[in-house]
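To start, the structure itself, in structure tokens.
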Amino acid sequence: MQTCGEVIVHGVSVAAGAIGVNTPAHVFGHLGALFILTHSDPMDRIDEESQTPAPPVTFTGRKTLVAAAVAVVLIAGALLIRPARTGDDARPPGPSERAATAVGMGAPAAATDVTALVADREKWVAAHPDDEASWAVLGSAYLEQARRTADPGWYPKAERALKRSLEERPAEKGNFDAMTGMGALANARHDFATGKKWGELVRAQSPKRWTAYPVLVDAYTGLGDYKGAQAAMELLLELRPGLTAYVRASQVYRDRGWREDAVMAMEEAAASAKAPAEKAYTLFRLGELAWERGDAREALRQYEGALRTDPAQAEGRAGRARALAALGRAGEALRDYRMALGRTPVPQLARELGELLESLGREQEARAQYDALAALAVRGGAQGVDEAVVLGLYEADHGDPAAAVRRLSQEWTRHKSVQVADALGWALYKSGEYTEALEYAKKAMEPGLRSAEFAYHRAMIERVLGDEAGARRHLEEALRTNPYFSPLRGPLAKEALEAIGQPPPGGPENIRPTGRWVEPELPKPNPKPSPAPKAKGGASKPSAAPSPSVSASA
């Protein structure tokens, strides 16, 4: 008996469910024979195979050795094509490496990094005394230590290291690092003529070597050759735009009186800064630019930003002291001045602190700072540092003006910068030589530097010479440029301007005619005769003149 759900095929019972639910059966009839085409058997095999786990992949010892050999061959081939380099090391650079990079780029370096670099190179050259490159790096590191600490005792060490490098490889053989270092050392000592010599020597041997141009910009500026400084700066920007170039560009623009350009260039330098010490230095310079234009609050903001970035920076602390004094926060200013002097004892800071104390009526403390100024200048002079300008200004205001004139006149024969011209003019004014003083005051303001101190000095000289209009103009310029330029001379400028007063109403005498204005009789213009028309042949047609017969008959 046939079971329900079965199909009889050639006498064999096949379960209908084997075909699968909803699986169609295709029936082909031929001479009463029945064939059923179904996919049930292949599908069952696929399901069984999918449920069976794949055998694990195993490596034999031979396969492992072959794979390792192939990897070694590939790595060796890659190294032959491109050998490993120092820059491939993924580890961050250490303190000495960071300082060496900064020194080589002419950029500021952190105090701890410079100390590590000095110790590293000193140890190296002790074992390798013929390594001229390391001697040059060591000399530049000494120079950076001198800049950060304001200790002139580092200058002789830098000079010995750089000269040793030149002994191992003379300048004639292209020891550019040592030559550039000697130029930077000379500029740091304010020996700008020697700095110019080294910079031009490097440029003559290798005109495309960018490290020569920062030295030349500083040397030309110190010598008063501001056009030469600008040309060197433009070449530096062309050869190597970056932190060093933008800092020098800002310096050149500031010396020419282009304030907005100076700020923009220094902002470019800040954007190019990578290390915290570099960023802090650019913020300090932005603070200086804000201070010179009389924006004490903006200057304070920039100085504080520099100190947050590099707390060991003494320059930013001294700048903050100036800004705080201008904003009436004298106690905080005195604290910052003393802290800055403790870290970087430079004569200019001692002069500023002494004048602030004098303005507060603390004469005895101010005198102590003036004495410290003189001692610091003498100490720097023993190490080859030229402090003639700050010492001359101190002597003109608080010492012997005649000695200041002698000192600054000698300085003028070497360096004809605007700073020397202004200081010499002021010393001559204090000595009673007013006419000659005015000539130097004009030289100081001629290149365009916008300085409240320069304008005040010129105004006082013009006032004593009887030129009240010129004195009034330059006193207003000084107070408009920076009303806080000095705690002593700023109030004196305001008093002098009030004493001079405003010009009388009506303007200068005889500016208007006393009688009725009569229009002058001007000569009438003589009209030019019109040119005669040309004939068709090209020759000018003769004018039609009346014939004698016609005129006679008439």
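Residue names in the structure tokens use chain letters A, B, ... in the order shown, residue numbers from 1 in each chain, and ligand numbers from 1 in the order shown.
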Considering only C-alpha atoms, give me a table of residues in region 478-510 of chain A that are at most 9 Å from region 318-338 of chain A, with the closest atom pair and distance in Å for each, as CSV.
```
residue,atom,partner,partner_atom,distance
A:Pro483,CA,A:Ala326,CA,8.8
A:Tyr484,CA,A:Ala326,CA,5.6
A:Phe485,CA,A:Ala326,CA,8.4
A:Ser486,CA,A:Ala326,CA,8.6
A:Pro487,CA,A:Ala326,CA,7.8
```
Legend entry - Spatial neighbours of Glu122 (chain A), 9 Å, only C-alpha atoms, chain gap at least 5 places, as a ChimeraX atom specification: /A:117,127,134-135,138
Hey, can you spit out that residue selection with N, CA, C and O atoms as an mmCIF file, in the first residue's frame?
```cif
data_model
loop_
_atom_site.group_PDB
_atom_site.id
_atom_site.type_symbol
_atom_site.label_atom_id
_atom_site.label_comp_id
_atom_site.auth_asym_id
_atom_site.auth_seq_id
_atom_site.Cartn_x
_atom_site.Cartn_y
_atom_site.Cartn_z
ATOM 1 N N LEU A 117 73.962 70.542 26.878
ATOM 2 C CA LEU A 117 74.802 70.572 25.681
ATOM 3 C C LEU A 117 76.240 70.939 26.034
ATOM 4 O O LEU A 117 77.193 70.348 25.496
ATOM 5 N N ALA A 127 87.912 64.122 24.944
ATOM 6 C CA ALA A 127 88.368 62.851 24.371
ATOM 7 C C ALA A 127 88.696 62.954 22.897
ATOM 8 O O ALA A 127 89.431 62.110 22.360
ATOM 9 N N SER A 134 82.721 70.011 16.850
ATOM 10 C CA SER A 134 82.282 70.030 18.248
ATOM 11 C C SER A 134 82.803 71.255 18.981
ATOM 12 O O SER A 134 82.117 71.804 19.857
ATOM 13 N N TRP A 135 84.007 71.699 18.650
ATOM 14 C CA TRP A 135 84.511 72.931 19.251
ATOM 15 C C TRP A 135 83.637 74.121 18.858
ATOM 16 O O TRP A 135 83.356 75.006 19.683
ATOM 17 N N LEU A 138 80.413 73.906 20.819
ATOM 18 C CA LEU A 138 80.660 74.282 22.208
ATOM 19 C C LEU A 138 80.777 75.799 22.353
ATOM 20 O O LEU A 138 80.243 76.393 23.301
#
```
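Of the listed residues A:Ala126, A:Glu288, A:Gln230, A:Val114, the one whose atoms come nearest to Ser140 (chain A) is A:Val114, with distances taken using only C-alpha atoms.
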Inset, instruction - Among the residues of region 178-346 of chain A, find those DSSP assigns to helix (DSSP H, G or I) from the backbone and print them as a ChimeraX atom specification. - result: /A:178-188,192-205,212-223,226-239,243-255,259-272,276-292,296-309,314-326,330-343
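Considering the residues A:Arg463, A:Lys173, A:Arg240, A:Arg450 and counting only C-alpha atoms, Arg259 (chain A) has its shortest atom-to-atom contact with A:Arg450.
CA of Tyr220 (chain A) is found 11.9 Å from CA of Gly183 (chain A).
Closest approach to Ala493 (chain A) from the set A:Arg362, A:Arg189, A:His474, A:Arg285 is made by A:His474, with distances taken over only C-alpha atoms.
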Inset, instruction - Identify, on the basis of only C-alpha atoms, every residue whose closest approach to Ala110 (chain A) does not exceed 8 Å; exclude the query and any residue fewer than 2 positions from it along the same chain; express the result as a PyMOL selection string. - result: chain A and resi 99+108+112-114+276-277+310
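As for CA of Phe192 (chain A) and CA of Glu436 (chain A), they are spaced 25.7 Å apart.
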For region 211-320 of chain A versus region 404-413 of chain A, which residues have an atom no more than 12 Å away, and what is each residue's nearest atom pair and distance in Å rounded to one decimal, using only C-alpha atoms, chain-then-number order, as CSV?
```
residue,atom,partner,partner_atom,distance
A:Gly222,CA,A:Trp412,CA,11.0
A:Leu223,CA,A:Trp412,CA,9.4
A:Gly224,CA,A:Trp412,CA,10.1
```
Inset, instruction - Within 9 Å of Ala141 (chain A), counting only C-alpha atoms, which residues show up once you throw out same-chain ones fewer than 2 positions away? Write them as a ChimeraX atom specification, please. - result: /A:99-100,103,114-115,117-118,136-139,143-146,158
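Using only C-alpha atoms, the shortest contact distance between Glu278 (chain A) and any of A:Ala71, A:Ala102, A:Ala314, A:Val252 is found at A:Ala102.
The neighbours of region 297-309 of chain A here are the residues that come within 6 Å of it, using only C-alpha atoms and leaving out any residue fewer than 5 positions away in the same chain; they are A:Pro276, A:Ala280, A:Leu283, A:Phe284, A:Gly287, A:Ala290, A:Trp291, A:Gly316, A:Arg320, A:Ala323.
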Inset, instruction - Skip region 394-403 of chain A itself and residues of its chain fewer than 6 positions away, then list as a PyMOL selection string all residues within 10 Å of it, counting only C-alpha atoms. - result: chain A and resi 347-348+351+355+367+370+373-374+388+409+423-424+426-432
Dump N, CA and C atoms for the selected residues as a PDB file, in the first residue's frame?
```pdb
ATOM      1  N   PRO A 347      73.603  96.236  33.050  1.00  0.00           N
ATOM      2  CA  PRO A 347      73.577  97.652  33.456  1.00  0.00           C
ATOM      3  C   PRO A 347      72.264  98.353  33.159  1.00  0.00           C
ATOM      4  N   GLN A 348      71.609  98.035  32.041  1.00  0.00           N
ATOM      5  CA  GLN A 348      70.368  98.724  31.680  1.00  0.00           C
ATOM      6  C   GLN A 348      69.274  98.486  32.716  1.00  0.00           C
ATOM      7  N   ARG A 351      69.912 100.622  35.731  1.00  0.00           N
ATOM      8  CA  ARG A 351      69.534 102.019  35.474  1.00  0.00           C
ATOM      9  C   ARG A 351      68.019 102.197  35.602  1.00  0.00           C
ATOM     10  N   GLU A 355      66.133 104.545  38.469  1.00  0.00           N
ATOM     11  CA  GLU A 355      65.264 105.668  38.140  1.00  0.00           C
ATOM     12  C   GLU A 355      63.866 105.483  38.719  1.00  0.00           C
ATOM     13  N   ARG A 367      70.710 105.377  44.506  1.00  0.00           N
ATOM     14  CA  ARG A 367      72.160 105.546  44.383  1.00  0.00           C
ATOM     15  C   ARG A 367      72.873 104.202  44.414  1.00  0.00           C
ATOM     16  N   TYR A 370      72.655 102.816  40.958  1.00  0.00           N
ATOM     17  CA  TYR A 370      73.559 103.492  40.025  1.00  0.00           C
ATOM     18  C   TYR A 370      75.000 103.030  40.224  1.00  0.00           C
ATOM     19  N   LEU A 373      75.265  99.764  38.584  1.00  0.00           N
ATOM     20  CA  LEU A 373      75.357  99.934  37.123  1.00  0.00           C
ATOM     21  C   LEU A 373      76.803 100.154  36.705  1.00  0.00           C
ATOM     22  N   ALA A 374      77.487 101.054  37.380  1.00  0.00           N
ATOM     23  CA  ALA A 374      78.873 101.335  37.020  1.00  0.00           C
ATOM     24  C   ALA A 374      79.743 100.094  37.209  1.00  0.00           C
ATOM     25  N   ALA A 388      79.248 101.444  26.256  1.00  0.00           N
ATOM     26  CA  ALA A 388      79.431 102.898  26.205  1.00  0.00           C
ATOM     27  C   ALA A 388      78.104 103.644  26.229  1.00  0.00           C
ATOM     28  N   SER A 409      81.679 110.351  22.267  1.00  0.00           N
ATOM     29  CA  SER A 409      82.343 110.837  21.041  1.00  0.00           C
ATOM     30  C   SER A 409      83.284 109.778  20.489  1.00  0.00           C
ATOM     31  N   ALA A 423      72.400 109.293  22.455  1.00  0.00           N
ATOM     32  CA  ALA A 423      73.112 109.424  23.730  1.00  0.00           C
ATOM     33  C   ALA A 423      74.132 110.553  23.680  1.00  0.00           C
ATOM     34  N   LEU A 424      74.837 110.689  22.570  1.00  0.00           N
ATOM     35  CA  LEU A 424      75.823 111.762  22.445  1.00  0.00           C
ATOM     36  C   LEU A 424      75.144 113.128  22.424  1.00  0.00           C
ATOM     37  N   TRP A 426      72.347 113.919  23.875  1.00  0.00           N
ATOM     38  CA  TRP A 426      71.878 114.216  25.220  1.00  0.00           C
ATOM     39  C   TRP A 426      73.036 114.604  26.149  1.00  0.00           C
ATOM     40  N   ALA A 427      74.169 113.932  26.002  1.00  0.00           N
ATOM     41  CA  ALA A 427      75.333 114.284  26.807  1.00  0.00           C
ATOM     42  C   ALA A 427      75.826 115.695  26.473  1.00  0.00           C
ATOM     43  N   LEU A 428      75.805 116.058  25.198  1.00  0.00           N
ATOM     44  CA  LEU A 428      76.197 117.423  24.810  1.00  0.00           C
ATOM     45  C   LEU A 428      75.220 118.448  25.378  1.00  0.00           C
ATOM     46  N   TYR A 429      73.943 118.139  25.383  1.00  0.00           N
ATOM     47  CA  TYR A 429      72.945 119.042  25.967  1.00  0.00           C
ATOM     48  C   TYR A 429      73.214 119.238  27.457  1.00  0.00           C
ATOM     49  N   LYS A 430      73.501 118.157  28.155  1.00  0.00           N
ATOM     50  CA  LYS A 430      73.782 118.258  29.581  1.00  0.00           C
ATOM     51  C   LYS A 430      75.082 119.023  29.848  1.00  0.00           C
ATOM     52  N   SER A 431      75.982 119.021  28.859  1.00  0.00           N
ATOM     53  CA  SER A 431      77.238 119.758  29.003  1.00  0.00           C
ATOM     54  C   SER A 431      77.129 121.206  28.565  1.00  0.00           C
ATOM     55  N   GLY A 432      75.957 121.630  28.062  1.00  0.00           N
ATOM     56  CA  GLY A 432      75.762 123.012  27.642  1.00  0.00           C
ATOM     57  C   GLY A 432      76.111 123.285  26.197  1.00  0.00           C
TER      58      GLY A 432
END
```
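Interatomic distance, CA of Met264 (chain A) against CA of Arg98 (chain A): 27.1 Å.
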